[in-house]
>>> print(open('input-v1.cif').read())   # mmCIF, C-alpha atoms and all ligand atoms
data_coords
loop_
_atom_site.group_PDB
_atom_site.id
_atom_site.type_symbol
_atom_site.label_atom_id
_atom_site.label_comp_id
_atom_site.auth_asym_id
_atom_site.auth_seq_id
_atom_site.Cartn_x
_atom_site.Cartn_y
_atom_site.Cartn_z
ATOM 1 C CA MET A 21 -40.295 -31.538 1.762
ATOM 2 C CA PRO A 22 -38.697 -34.935 2.347
ATOM 3 C CA ASN A 23 -37.447 -35.737 5.827
ATOM 4 C CA SER A 24 -33.946 -36.043 4.506
ATOM 5 C CA MET A 25 -33.857 -32.293 3.996
ATOM 6 C CA ALA A 26 -34.968 -31.436 7.487
ATOM 7 C CA PRO A 27 -32.477 -29.089 9.125
ATOM 8 C CA VAL A 28 -30.887 -30.348 12.312
ATOM 9 C CA LEU A 29 -29.126 -27.196 13.353
ATOM 10 C CA ASN A 30 -30.735 -23.999 14.565
ATOM 11 C CA SER A 31 -29.189 -20.684 13.743
ATOM 12 C CA PRO A 32 -30.156 -18.164 16.432
ATOM 13 C CA GLN A 33 -29.234 -15.107 14.326
ATOM 14 C CA SER A 34 -31.472 -16.086 11.513
ATOM 15 C CA PRO A 35 -35.199 -16.552 10.949
ATOM 16 C CA THR A 36 -34.262 -19.505 8.796
ATOM 17 C CA ARG A 37 -32.257 -22.522 9.845
ATOM 18 C CA GLU A 38 -28.987 -23.917 8.653
ATOM 19 C CA ILE A 39 -29.158 -27.279 7.006
ATOM 20 C CA ASP A 40 -26.609 -29.807 8.074
ATOM 21 C CA ALA A 41 -25.540 -33.388 7.564
ATOM 22 C CA SER A 42 -28.842 -34.752 6.341
ATOM 23 C CA GLN A 43 -28.214 -37.999 4.582
ATOM 24 C CA SER A 44 -30.525 -40.415 2.948
ATOM 25 C CA THR A 45 -29.694 -43.583 1.082
ATOM 26 C CA GLU A 46 -32.535 -42.796 -1.327
ATOM 27 C CA ALA A 47 -31.281 -39.327 -2.231
ATOM 28 C CA LEU A 48 -30.707 -38.724 -5.919
ATOM 29 C CA ILE A 49 -28.418 -35.776 -5.155
ATOM 30 C CA GLN A 50 -26.278 -35.546 -2.041
ATOM 31 C CA LEU A 51 -23.798 -32.989 -0.861
ATOM 32 C CA ARG A 52 -21.798 -33.981 2.201
ATOM 33 C CA GLN A 53 -19.911 -31.172 3.908
ATOM 34 C CA VAL A 54 -19.044 -29.631 0.579
ATOM 35 C CA SER A 55 -16.777 -26.592 0.420
ATOM 36 C CA LYS A 56 -15.583 -24.767 -2.653
ATOM 37 C CA THR A 57 -12.744 -22.280 -2.731
ATOM 38 C CA TYR A 58 -11.724 -21.037 -6.154
ATOM 39 C CA SER A 59 -8.079 -21.038 -7.163
ATOM 40 C CA ASN A 60 -7.844 -17.285 -6.551
ATOM 41 C CA GLY A 61 -8.579 -18.040 -2.891
ATOM 42 C CA SER A 62 -12.140 -16.738 -2.850
ATOM 43 C CA PRO A 63 -14.345 -19.091 -0.782
ATOM 44 C CA ALA A 64 -17.740 -19.703 -2.386
ATOM 45 C CA LEU A 65 -19.303 -22.497 -0.330
ATOM 46 C CA THR A 66 -18.489 -23.721 3.179
ATOM 47 C CA GLY A 67 -19.459 -27.111 4.594
ATOM 48 C CA ILE A 68 -22.739 -27.515 2.709
ATOM 49 C CA SER A 69 -24.837 -30.644 3.178
ATOM 50 C CA LEU A 70 -28.015 -31.258 1.239
ATOM 51 C CA SER A 71 -30.089 -34.213 0.103
ATOM 52 C CA VAL A 72 -32.503 -33.997 -2.792
ATOM 53 C CA ASN A 73 -34.761 -36.958 -3.441
ATOM 54 C CA LYS A 74 -36.019 -38.206 -6.768
ATOM 55 C CA GLY A 75 -39.014 -36.138 -7.827
ATOM 56 C CA ASP A 76 -38.211 -33.093 -5.675
ATOM 57 C CA PHE A 77 -38.515 -29.508 -6.938
ATOM 58 C CA LEU A 78 -36.173 -27.215 -5.059
ATOM 59 C CA PHE A 79 -35.530 -23.479 -5.333
ATOM 60 C CA ILE A 80 -32.091 -22.146 -4.407
ATOM 61 C CA THR A 81 -31.969 -18.436 -3.585
ATOM 62 C CA GLY A 82 -29.397 -16.098 -2.136
ATOM 63 C CA PRO A 83 -27.714 -12.789 -2.858
ATOM 64 C CA SER A 84 -25.518 -12.248 -5.902
ATOM 65 C CA GLY A 85 -22.154 -13.932 -5.390
ATOM 66 C CA SER A 86 -23.455 -16.224 -2.647
ATOM 67 C CA GLY A 87 -22.568 -19.406 -4.533
ATOM 68 C CA LYS A 88 -25.778 -20.540 -6.269
ATOM 69 C CA SER A 89 -24.169 -21.106 -9.666
ATOM 70 C CA THR A 90 -21.186 -22.721 -7.959
ATOM 71 C CA LEU A 91 -23.499 -25.215 -6.271
ATOM 72 C CA LEU A 92 -25.068 -26.196 -9.601
ATOM 73 C CA LYS A 93 -21.630 -26.396 -11.267
ATOM 74 C CA LEU A 94 -20.528 -28.892 -8.623
ATOM 75 C CA LEU A 95 -23.587 -30.999 -9.460
ATOM 76 C CA TYR A 96 -23.011 -31.120 -13.197
ATOM 77 C CA GLY A 97 -19.291 -31.577 -12.784
ATOM 78 C CA ALA A 98 -18.144 -28.222 -14.201
ATOM 79 C CA GLU A 99 -16.352 -27.556 -10.898
ATOM 80 C CA ARG A 100 -14.940 -29.907 -8.283
ATOM 81 C CA PRO A 101 -15.416 -29.417 -4.566
ATOM 82 C CA SER A 102 -12.334 -28.343 -2.586
ATOM 83 C CA ASP A 103 -13.605 -30.472 0.252
ATOM 84 C CA GLY A 104 -16.481 -32.862 0.931
ATOM 85 C CA GLU A 105 -18.367 -35.048 -1.469
ATOM 86 C CA VAL A 106 -20.993 -34.618 -4.172
ATOM 87 C CA LEU A 107 -22.997 -37.707 -5.093
ATOM 88 C CA ILE A 108 -25.376 -37.981 -8.034
ATOM 89 C CA ASP A 109 -27.288 -41.231 -7.784
ATOM 90 C CA ARG A 110 -24.462 -42.447 -5.502
ATOM 91 C CA GLU A 111 -21.786 -41.593 -8.066
ATOM 92 C CA ASN A 112 -19.173 -38.935 -7.440
ATOM 93 C CA PRO A 113 -18.603 -36.844 -10.594
ATOM 94 C CA ALA A 114 -15.180 -35.744 -9.309
ATOM 95 C CA ARG A 115 -14.036 -39.383 -9.313
ATOM 96 C CA LEU A 116 -15.346 -40.290 -12.763
ATOM 97 C CA LYS A 117 -13.441 -39.964 -16.006
ATOM 98 C CA GLY A 118 -14.055 -40.390 -19.715
ATOM 99 C CA ASN A 119 -17.154 -42.314 -20.720
ATOM 100 C CA LYS A 120 -18.402 -42.742 -17.175
ATOM 101 C CA LEU A 121 -18.349 -38.996 -16.546
ATOM 102 C CA ALA A 122 -19.957 -38.325 -19.935
ATOM 103 C CA PHE A 123 -22.663 -40.855 -19.118
ATOM 104 C CA LEU A 124 -23.367 -39.250 -15.739
ATOM 105 C CA ARG A 125 -23.532 -35.797 -17.354
ATOM 106 C CA ARG A 126 -26.099 -37.052 -19.852
ATOM 107 C CA ARG A 127 -28.354 -37.702 -16.901
ATOM 108 C CA ILE A 128 -28.367 -34.005 -16.019
ATOM 109 C CA GLY A 129 -30.058 -31.366 -18.181
ATOM 110 C CA VAL A 130 -28.842 -27.810 -17.649
ATOM 111 C CA VAL A 131 -30.600 -24.521 -18.440
ATOM 112 C CA PHE A 132 -28.780 -21.177 -18.251
ATOM 113 C CA GLN A 133 -29.967 -17.598 -17.848
ATOM 114 C CA ASP A 134 -28.477 -16.601 -21.229
ATOM 115 C CA TYR A 135 -29.905 -19.598 -23.164
ATOM 116 C CA LYS A 136 -26.604 -20.401 -24.946
ATOM 117 C CA LEU A 137 -28.241 -21.279 -28.273
ATOM 118 C CA ILE A 138 -26.183 -21.681 -31.449
ATOM 119 C CA PRO A 139 -27.091 -18.624 -33.579
ATOM 120 C CA ARG A 140 -26.904 -20.122 -37.079
ATOM 121 C CA ARG A 141 -28.844 -23.267 -36.237
ATOM 122 C CA THR A 142 -32.605 -23.631 -36.241
ATOM 123 C CA VAL A 143 -34.621 -24.365 -33.130
ATOM 124 C CA ALA A 144 -34.888 -28.034 -34.166
ATOM 125 C CA GLU A 145 -31.137 -28.237 -34.798
ATOM 126 C CA ASN A 146 -30.299 -26.559 -31.502
ATOM 127 C CA ILE A 147 -32.452 -29.021 -29.615
ATOM 128 C CA SER A 148 -31.300 -32.148 -31.434
ATOM 129 C CA PHE A 149 -27.599 -31.266 -31.681
ATOM 130 C CA VAL A 150 -26.750 -33.086 -28.470
ATOM 131 C CA LEU A 151 -28.539 -36.268 -29.620
ATOM 132 C CA TRP A 152 -26.788 -36.096 -32.954
ATOM 133 C CA ALA A 153 -23.436 -35.721 -31.153
ATOM 134 C CA GLN A 154 -24.296 -38.802 -29.102
ATOM 135 C CA GLY A 155 -24.855 -40.847 -32.261
ATOM 136 C CA TYR A 156 -28.657 -41.173 -32.205
ATOM 137 C CA SER A 157 -30.260 -42.186 -35.507
ATOM 138 C CA ARG A 158 -32.238 -39.669 -37.561
ATOM 139 C CA GLY A 159 -35.474 -41.506 -36.740
ATOM 140 C CA GLU A 160 -34.803 -41.560 -33.004
ATOM 141 C CA ILE A 161 -33.918 -37.857 -33.085
ATOM 142 C CA GLN A 162 -37.276 -37.081 -34.738
ATOM 143 C CA ARG A 163 -39.100 -39.246 -32.210
ATOM 144 C CA ARG A 164 -37.523 -37.293 -29.363
ATOM 145 C CA LEU A 165 -37.621 -33.826 -30.923
ATOM 146 C CA GLN A 166 -41.391 -33.593 -31.358
ATOM 147 C CA PRO A 167 -42.395 -34.225 -27.720
ATOM 148 C CA ALA A 168 -39.640 -31.869 -26.525
ATOM 149 C CA LEU A 169 -40.932 -29.088 -28.814
ATOM 150 C CA LYS A 170 -44.475 -29.792 -27.710
ATOM 151 C CA MET A 171 -43.552 -29.681 -24.039
ATOM 152 C CA VAL A 172 -42.312 -26.098 -24.439
ATOM 153 C CA GLY A 173 -45.041 -25.052 -26.906
ATOM 154 C CA LEU A 174 -42.727 -24.395 -29.859
ATOM 155 C CA VAL A 175 -43.702 -26.958 -32.508
ATOM 156 C CA HIS A 176 -44.566 -24.083 -34.867
ATOM 157 C CA LYS A 177 -41.105 -22.479 -34.411
ATOM 158 C CA ALA A 178 -39.027 -25.582 -35.179
ATOM 159 C CA ASP A 179 -37.487 -24.068 -38.309
ATOM 160 C CA CYS A 180 -36.857 -20.575 -36.923
ATOM 161 C CA PHE A 181 -33.436 -19.273 -35.967
ATOM 162 C CA PRO A 182 -32.808 -18.064 -32.403
ATOM 163 C CA GLU A 183 -32.687 -14.390 -33.445
ATOM 164 C CA GLU A 184 -36.256 -14.729 -34.768
ATOM 165 C CA LEU A 185 -37.520 -15.676 -31.300
ATOM 166 C CA SER A 186 -38.416 -13.669 -28.203
ATOM 167 C CA GLY A 187 -36.334 -14.110 -25.061
ATOM 168 C CA GLY A 188 -39.024 -16.289 -23.500
ATOM 169 C CA GLU A 189 -39.138 -18.490 -26.590
ATOM 170 C CA GLN A 190 -35.345 -18.799 -26.643
ATOM 171 C CA GLN A 191 -35.369 -19.883 -23.041
ATOM 172 C CA ARG A 192 -38.041 -22.480 -23.846
ATOM 173 C CA VAL A 193 -35.800 -23.809 -26.655
ATOM 174 C CA SER A 194 -32.984 -24.168 -24.147
ATOM 175 C CA ILE A 195 -35.305 -26.134 -21.838
ATOM 176 C CA ALA A 196 -36.283 -28.425 -24.723
ATOM 177 C CA ARG A 197 -32.592 -28.937 -25.474
ATOM 178 C CA ALA A 198 -31.944 -29.806 -21.822
ATOM 179 C CA ILE A 199 -34.699 -32.431 -21.680
ATOM 180 C CA VAL A 200 -34.580 -33.991 -25.148
ATOM 181 C CA GLY A 201 -32.240 -36.693 -23.833
ATOM 182 C CA THR A 202 -34.802 -37.421 -21.046
ATOM 183 C CA PRO A 203 -32.455 -36.788 -18.115
ATOM 184 C CA PRO A 204 -33.796 -37.597 -14.640
ATOM 185 C CA ILE A 205 -32.309 -34.349 -13.283
ATOM 186 C CA LEU A 206 -32.808 -30.791 -14.541
ATOM 187 C CA LEU A 207 -30.700 -27.909 -13.203
ATOM 188 C CA ALA A 208 -31.755 -24.373 -14.115
ATOM 189 C CA ASP A 209 -29.458 -21.465 -13.221
ATOM 190 C CA GLU A 210 -31.514 -18.249 -13.106
ATOM 191 C CA PRO A 211 -33.663 -19.443 -16.020
ATOM 192 C CA THR A 212 -35.953 -16.420 -15.662
ATOM 193 C CA GLY A 213 -33.239 -13.825 -15.011
ATOM 194 C CA ASN A 214 -33.732 -12.119 -18.394
ATOM 195 C CA LEU A 215 -37.488 -12.526 -18.677
ATOM 196 C CA ASP A 216 -40.531 -10.428 -17.824
ATOM 197 C CA PRO A 217 -43.008 -11.753 -15.226
ATOM 198 C CA ASP A 218 -45.314 -13.444 -17.778
ATOM 199 C CA ASN A 219 -42.497 -15.264 -19.553
ATOM 200 C CA SER A 220 -40.903 -16.133 -16.214
ATOM 201 C CA TRP A 221 -44.090 -17.774 -15.055
ATOM 202 C CA GLN A 222 -44.382 -19.698 -18.331
ATOM 203 C CA VAL A 223 -40.886 -21.069 -17.797
ATOM 204 C CA ILE A 224 -41.672 -22.078 -14.214
ATOM 205 C CA LYS A 225 -44.908 -23.731 -15.364
ATOM 206 C CA ILE A 226 -42.906 -25.823 -17.847
ATOM 207 C CA LEU A 227 -40.427 -26.773 -15.117
ATOM 208 C CA LYS A 228 -43.360 -27.742 -12.864
ATOM 209 C CA LYS A 229 -44.802 -29.888 -15.646
ATOM 210 C CA LEU A 230 -41.452 -31.633 -16.079
ATOM 211 C CA ASN A 231 -41.327 -32.204 -12.348
ATOM 212 C CA GLN A 232 -44.813 -33.718 -12.467
ATOM 213 C CA ILE A 233 -43.608 -36.323 -14.946
ATOM 214 C CA GLY A 234 -40.882 -37.324 -12.505
ATOM 215 C CA ILE A 235 -37.891 -35.117 -13.303
ATOM 216 C CA THR A 236 -36.031 -33.807 -10.266
ATOM 217 C CA VAL A 237 -35.704 -30.034 -10.694
ATOM 218 C CA LEU A 238 -33.323 -27.556 -9.025
ATOM 219 C CA VAL A 239 -33.760 -23.882 -9.877
ATOM 220 C CA THR A 240 -31.738 -20.891 -8.732
ATOM 221 C CA THR A 241 -33.542 -17.551 -8.707
ATOM 222 C CA HIS A 242 -33.653 -14.113 -7.119
ATOM 223 C CA ASP A 243 -37.334 -13.730 -7.873
ATOM 224 C CA GLU A 244 -39.305 -13.804 -4.620
ATOM 225 C CA ASN A 245 -42.650 -13.468 -6.412
ATOM 226 C CA LEU A 246 -41.952 -16.476 -8.552
ATOM 227 C CA ILE A 247 -40.947 -18.532 -5.536
ATOM 228 C CA ARG A 248 -44.167 -17.560 -3.765
ATOM 229 C CA MET A 249 -46.305 -18.414 -6.785
ATOM 230 C CA ALA A 250 -44.562 -21.697 -7.546
ATOM 231 C CA ASN A 251 -44.930 -22.984 -3.979
ATOM 232 C CA HIS A 252 -42.016 -25.406 -3.737
ATOM 233 C CA PRO A 253 -39.352 -25.909 -1.047
ATOM 234 C CA VAL A 254 -36.687 -23.197 -0.885
ATOM 235 C CA VAL A 255 -33.121 -23.151 0.416
ATOM 236 C CA GLN A 256 -31.020 -20.032 0.672
ATOM 237 C CA ILE A 257 -27.245 -19.643 0.438
ATOM 238 C CA ARG A 258 -25.822 -16.870 2.592
ATOM 239 C CA GLY A 259 -22.192 -16.373 3.516
ATOM 240 C CA GLY A 260 -21.336 -19.666 1.835
ATOM 241 C CA ARG A 261 -23.781 -21.643 3.987
ATOM 242 C CA LEU A 262 -27.131 -23.199 3.196
ATOM 243 C CA TYR A 263 -30.362 -22.396 5.047
ATOM 244 C CA ARG A 264 -33.791 -23.851 4.688
ATOM 245 C CA GLU A 265 -36.417 -21.174 4.012
ATOM 246 C CA ARG A 266 -39.490 -23.255 3.323
HETATM 247 N N1 LIG A 301 -14.364 -19.189 -11.825
HETATM 248 C C1 LIG A 301 -14.275 -18.474 -10.698
HETATM 249 N N2 LIG A 301 -13.074 -18.101 -10.216
HETATM 250 C C2 LIG A 301 -12.952 -17.398 -9.059
HETATM 251 N N3 LIG A 301 -13.998 -17.033 -8.296
HETATM 252 C C3 LIG A 301 -15.220 -17.381 -8.722
HETATM 253 C C4 LIG A 301 -15.441 -18.112 -9.945
HETATM 254 N N4 LIG A 301 -16.764 -18.318 -10.105
HETATM 255 C C5 LIG A 301 -17.349 -17.723 -9.054
HETATM 256 N N5 LIG A 301 -16.436 -17.168 -8.208
HETATM 257 C C6 LIG A 301 -16.714 -16.484 -6.947
HETATM 258 O O1 LIG A 301 -17.448 -17.374 -6.115
HETATM 259 C C7 LIG A 301 -18.501 -16.720 -5.449
HETATM 260 C C8 LIG A 301 -19.830 -17.353 -5.792
HETATM 261 O O2 LIG A 301 -20.107 -17.126 -7.168
HETATM 262 P P1 LIG A 301 -21.415 -17.690 -7.881
HETATM 263 O O3 LIG A 301 -21.295 -17.380 -9.319
HETATM 264 O O4 LIG A 301 -21.598 -19.105 -7.495
HETATM 265 O O5 LIG A 301 -22.546 -16.791 -7.194
HETATM 266 P P2 LIG A 301 -24.100 -16.683 -7.513
HETATM 267 O O6 LIG A 301 -24.834 -16.881 -6.231
HETATM 268 O O7 LIG A 301 -24.439 -17.587 -8.640
HETATM 269 O O8 LIG A 301 -24.239 -15.149 -7.954
HETATM 270 P P3 LIG A 301 -25.273 -14.470 -8.995
HETATM 271 O O9 LIG A 301 -26.594 -14.381 -8.287
HETATM 272 O O10 LIG A 301 -24.683 -13.125 -9.255
HETATM 273 O O11 LIG A 301 -25.326 -15.330 -10.223
HETATM 274 C C9 LIG A 301 -18.382 -15.246 -5.835
HETATM 275 O O12 LIG A 301 -17.627 -14.586 -4.839
HETATM 276 C C10 LIG A 301 -17.614 -15.278 -7.121
HETATM 277 O O13 LIG A 301 -16.855 -14.117 -7.301
HETATM 278 MG MG MG A 302 -25.164 -17.279 -10.555
#
>>> encode(input="input-v1.cif", output="structure tokens")
Amino acid sequence: MPNSMAPVLNSPQSPTREIDASQSTEALIQLRQVSKTYSNGSPALTGISLSVNKGDFLFITGPSGSGKSTLLKLLYGAERPSDGEVLIDRENPARLKGNKLAFLRRRIGVVFQDYKLIPRRTVAENISFVLWAQGYSRGEIQRRLQPALKMVGLVHKADCFPEELSGGEQQRVSIARAIVGTPPILLADEPTGNLDPDNSWQVIKILKKLNQIGITVLVTTHDENLIRMANHPVVQIRGGRLYRER
């Protein structure tokens, strides 16, 4: 755990401690006093501060509705904070527009619980679609596709359609799709939520491998067993606030 994430505020009611106002100039991801209230008035996050350094692997836990997905959405720019500041590599997604925002988003791979694969496209097409949309050449797409397939152990399924794959395999395709553009940051929102323990562990092992090659990984999960096995730092969101667990 980097020093920048050390909590500076003790919460007497809680065995864990609230994290506050930790700032580091080296942080790849920074949240400074971030709050998010949705337009219907429901507050999701309140005054959250967090620094994540390059190369960190961080689990985010918390009860259903506590704001885990909201936190990730603020990072990849799908939602804007109502208050406070989100910085990705010192850039604020809420202040970027057009190409600059698109460029920042390319630096963040995202994996969802429900995979979000295109049904009538093969595994290879699903993974390379984003590169194709970004104007990569056929040759460059091939050069990137193979290592991505290999990383998730699906070279032999390249020409299958999503419906021909197990849930675990579909999730691995979605990880390959998230990393094929070699983003420095990978966000995974409940990536094991629909998987059995074996497949869940496979997914976490792939995320660990990606982290070992330098990708900064943030994962939300409810799965206490997985967190124990994976042995990485953990923060918890409760009542809209962020606490350090480990
Ligand atoms: N688009 C939205 N509009 C209004 N309220 C929302 C929206 N998205 C989320 N919320 C509310 O914000 C709070 C946090 O939701 P969020 O999805 O971030 O929780 P979560 O921790 O990811 O939950 P889960 O574990 O069930 O996925 C909840 O009260 C939810 O109802
Ligand atoms: Mg969620």
>>> resolve_selection(input="input-v1.cif", expression="the PyMOL selection byres (((chain A and resi 208-212) around 7) and not hetatm)", output="ChimeraX atom specification")
/A:89,130-133,206-207,213-215,220,238-241
>>> write_last_selection(input="input-v1.cif", atoms="C-alpha atoms", output="PDB file, keeping the file's coordinate frame")
ATOM      1  CA  SER A  89     -24.169 -21.106  -9.666  1.00  0.00           C
ATOM      2  CA  VAL A 130     -28.842 -27.810 -17.649  1.00  0.00           C
ATOM      3  CA  VAL A 131     -30.600 -24.521 -18.440  1.00  0.00           C
ATOM      4  CA  PHE A 132     -28.780 -21.177 -18.251  1.00  0.00           C
ATOM      5  CA  GLN A 133     -29.967 -17.598 -17.848  1.00  0.00           C
ATOM      6  CA  LEU A 206     -32.808 -30.791 -14.541  1.00  0.00           C
ATOM      7  CA  LEU A 207     -30.700 -27.909 -13.203  1.00  0.00           C
ATOM      8  CA  GLY A 213     -33.239 -13.825 -15.011  1.00  0.00           C
ATOM      9  CA  ASN A 214     -33.732 -12.119 -18.394  1.00  0.00           C
ATOM     10  CA  LEU A 215     -37.488 -12.526 -18.677  1.00  0.00           C
ATOM     11  CA  SER A 220     -40.903 -16.133 -16.214  1.00  0.00           C
ATOM     12  CA  LEU A 238     -33.323 -27.556  -9.025  1.00  0.00           C
ATOM     13  CA  VAL A 239     -33.760 -23.882  -9.877  1.00  0.00           C
ATOM     14  CA  THR A 240     -31.738 -20.891  -8.732  1.00  0.00           C
ATOM     15  CA  THR A 241     -33.542 -17.551  -8.707  1.00  0.00           C
TER      16      THR A 241
END
>>> axis_aligned_box(input="input-v1.cif", around="ligand LIG 301 (chain A)", padding_each_side="5 Å", output="AutoDock Vina command-line options")
--center_x -19.8 --center_y -16.2 --center_z -8.3 --size_x 23.6 --size_y 16.1 --size_z 17.0
>>> atom_distance(input="input-v1.cif", atom1="atom CA of A:Val143", atom2="atom CA of A:Gly187")
13.2 Å
>>> closest_atom_pairs(input="input-v1.cif", of="chain A", to="ligand LIG 301 (chain A)", cutoff="10 Å", atoms="all atoms listed in the file", output="JSON lines")
{"residue": "A:Lys56", "atom": "CA", "partner": "A:LIG301", "partner_atom": "O1", "distance": 8.4}
{"residue": "A:Thr57", "atom": "CA", "partner": "A:LIG301", "partner_atom": "O1", "distance": 7.6}
{"residue": "A:Tyr58", "atom": "CA", "partner": "A:LIG301", "partner_atom": "C2", "distance": 4.8}
{"residue": "A:Ser59", "atom": "CA", "partner": "A:LIG301", "partner_atom": "C2", "distance": 6.4}
{"residue": "A:Asn60", "atom": "CA", "partner": "A:LIG301", "partner_atom": "C2", "distance": 5.7}
{"residue": "A:Gly61", "atom": "CA", "partner": "A:LIG301", "partner_atom": "C2", "distance": 7.6}
{"residue": "A:Ser62", "atom": "CA", "partner": "A:LIG301", "partner_atom": "N3", "distance": 5.8}
{"residue": "A:Pro63", "atom": "CA", "partner": "A:LIG301", "partner_atom": "O1", "distance": 6.4}
{"residue": "A:Ala64", "atom": "CA", "partner": "A:LIG301", "partner_atom": "C7", "distance": 4.3}
{"residue": "A:Leu65", "atom": "CA", "partner": "A:LIG301", "partner_atom": "C8", "distance": 7.5}
{"residue": "A:Ile80", "atom": "CA", "partner": "A:LIG301", "partner_atom": "O6", "distance": 9.1}
{"residue": "A:Thr81", "atom": "CA", "partner": "A:LIG301", "partner_atom": "O6", "distance": 7.8}
{"residue": "A:Gly82", "atom": "CA", "partner": "A:LIG301", "partner_atom": "O6", "distance": 6.2}
{"residue": "A:Pro83", "atom": "CA", "partner": "A:LIG301", "partner_atom": "O9", "distance": 5.8}
{"residue": "A:Ser84", "atom": "CA", "partner": "A:LIG301", "partner_atom": "O9", "distance": 3.4}
{"residue": "A:Gly85", "atom": "CA", "partner": "A:LIG301", "partner_atom": "O5", "distance": 3.4}
{"residue": "A:Ser86", "atom": "CA", "partner": "A:LIG301", "partner_atom": "O6", "distance": 3.9}
{"residue": "A:Gly87", "atom": "CA", "partner": "A:LIG301", "partner_atom": "O4", "distance": 3.1}
{"residue": "A:Lys88", "atom": "CA", "partner": "A:LIG301", "partner_atom": "O6", "distance": 3.8}
{"residue": "A:Ser89", "atom": "CA", "partner": "A:LIG301", "partner_atom": "O7", "distance": 3.7}
{"residue": "A:Thr90", "atom": "CA", "partner": "A:LIG301", "partner_atom": "O4", "distance": 3.7}
{"residue": "A:Leu91", "atom": "CA", "partner": "A:LIG301", "partner_atom": "O4", "distance": 6.5}
{"residue": "A:Leu92", "atom": "CA", "partner": "A:LIG301", "partner_atom": "O4", "distance": 8.2}
{"residue": "A:Lys93", "atom": "CA", "partner": "A:LIG301", "partner_atom": "O4", "distance": 8.2}
{"residue": "A:Leu94", "atom": "CA", "partner": "A:LIG301", "partner_atom": "O4", "distance": 9.9}
{"residue": "A:Glu99", "atom": "CA", "partner": "A:LIG301", "partner_atom": "N1", "distance": 8.6}
{"residue": "A:Gln133", "atom": "CA", "partner": "A:LIG301", "partner_atom": "O11", "distance": 9.2}
{"residue": "A:Asp209", "atom": "CA", "partner": "A:LIG301", "partner_atom": "O7", "distance": 7.8}
{"residue": "A:Glu210", "atom": "CA", "partner": "A:LIG301", "partner_atom": "O11", "distance": 7.4}
{"residue": "A:Gly213", "atom": "CA", "partner": "A:LIG301", "partner_atom": "O11", "distance": 9.4}
{"residue": "A:Thr240", "atom": "CA", "partner": "A:LIG301", "partner_atom": "O7", "distance": 8.0}
{"residue": "A:Thr241", "atom": "CA", "partner": "A:LIG301", "partner_atom": "O9", "distance": 7.6}
{"residue": "A:His242", "atom": "CA", "partner": "A:LIG301", "partner_atom": "O9", "distance": 7.2}
{"residue": "A:Gln256", "atom": "CA", "partner": "A:LIG301", "partner_atom": "O6", "distance": 9.8}
{"residue": "A:Ile257", "atom": "CA", "partner": "A:LIG301", "partner_atom": "O6", "distance": 7.6}
{"residue": "A:Arg258", "atom": "CA", "partner": "A:LIG301", "partner_atom": "O6", "distance": 8.9}
{"residue": "A:Gly259", "atom": "CA", "partner": "A:LIG301", "partner_atom": "C8", "distance": 9.7}
{"residue": "A:Gly260", "atom": "CA", "partner": "A:LIG301", "partner_atom": "C8", "distance": 8.1}
>>> write_last_selection(input="input-v1.cif", atoms="C-alpha atoms", output="short mmCIF file (atom, residue, chain, number, x, y, z; two decimals), in the frame of the given file")
data_model
loop_
_atom_site.label_atom_id
_atom_site.label_comp_id
_atom_site.auth_asym_id
_atom_site.auth_seq_id
_atom_site.Cartn_x
_atom_site.Cartn_y
_atom_site.Cartn_z
CA LYS A 56 -15.58 -24.77 -2.65
CA THR A 57 -12.74 -22.28 -2.73
CA TYR A 58 -11.72 -21.04 -6.15
CA SER A 59 -8.08 -21.04 -7.16
CA ASN A 60 -7.84 -17.28 -6.55
CA GLY A 61 -8.58 -18.04 -2.89
CA SER A 62 -12.14 -16.74 -2.85
CA PRO A 63 -14.34 -19.09 -0.78
CA ALA A 64 -17.74 -19.70 -2.39
CA LEU A 65 -19.30 -22.50 -0.33
CA ILE A 80 -32.09 -22.15 -4.41
CA THR A 81 -31.97 -18.44 -3.58
CA GLY A 82 -29.40 -16.10 -2.14
CA PRO A 83 -27.71 -12.79 -2.86
CA SER A 84 -25.52 -12.25 -5.90
CA GLY A 85 -22.15 -13.93 -5.39
CA SER A 86 -23.46 -16.22 -2.65
CA GLY A 87 -22.57 -19.41 -4.53
CA LYS A 88 -25.78 -20.54 -6.27
CA SER A 89 -24.17 -21.11 -9.67
CA THR A 90 -21.19 -22.72 -7.96
CA LEU A 91 -23.50 -25.22 -6.27
CA LEU A 92 -25.07 -26.20 -9.60
CA LYS A 93 -21.63 -26.40 -11.27
CA LEU A 94 -20.53 -28.89 -8.62
CA GLU A 99 -16.35 -27.56 -10.90
CA GLN A 133 -29.97 -17.60 -17.85
CA ASP A 209 -29.46 -21.46 -13.22
CA GLU A 210 -31.51 -18.25 -13.11
CA GLY A 213 -33.24 -13.82 -15.01
CA THR A 240 -31.74 -20.89 -8.73
CA THR A 241 -33.54 -17.55 -8.71
CA HIS A 242 -33.65 -14.11 -7.12
CA GLN A 256 -31.02 -20.03 0.67
CA ILE A 257 -27.24 -19.64 0.44
CA ARG A 258 -25.82 -16.87 2.59
CA GLY A 259 -22.19 -16.37 3.52
CA GLY A 260 -21.34 -19.67 1.84
#
>>> atom_distance(input="input-v1.cif", atom1="atom CA of A:Gly129", atom2="atom CA of A:Asp216")
23.4 Å
>>> atom_distance(input="input-v1.cif", atom1="atom CA of A:Glu111", atom2="atom CA of A:Leu227")
24.8 Å
>>> residues_around(input="input-v1.cif", residues="A:Gln190", least_positions_apart="4", cutoff="12 Å", atoms="all atoms listed in the file", output="ChimeraX atom specification")
/A:131-139,142-144,146-147,169,172-174,177-178,180-186,194-197,211-212,214-215,219,223
>>> residues_around(input="input-v1.cif", residues="A:Asp109", least_positions_apart="4", cutoff="12 Å", atoms="only C-alpha atoms", output="ChimeraX atom specification")
/A:44-51,71-74,95,113,124-125,127-128,204-205,236
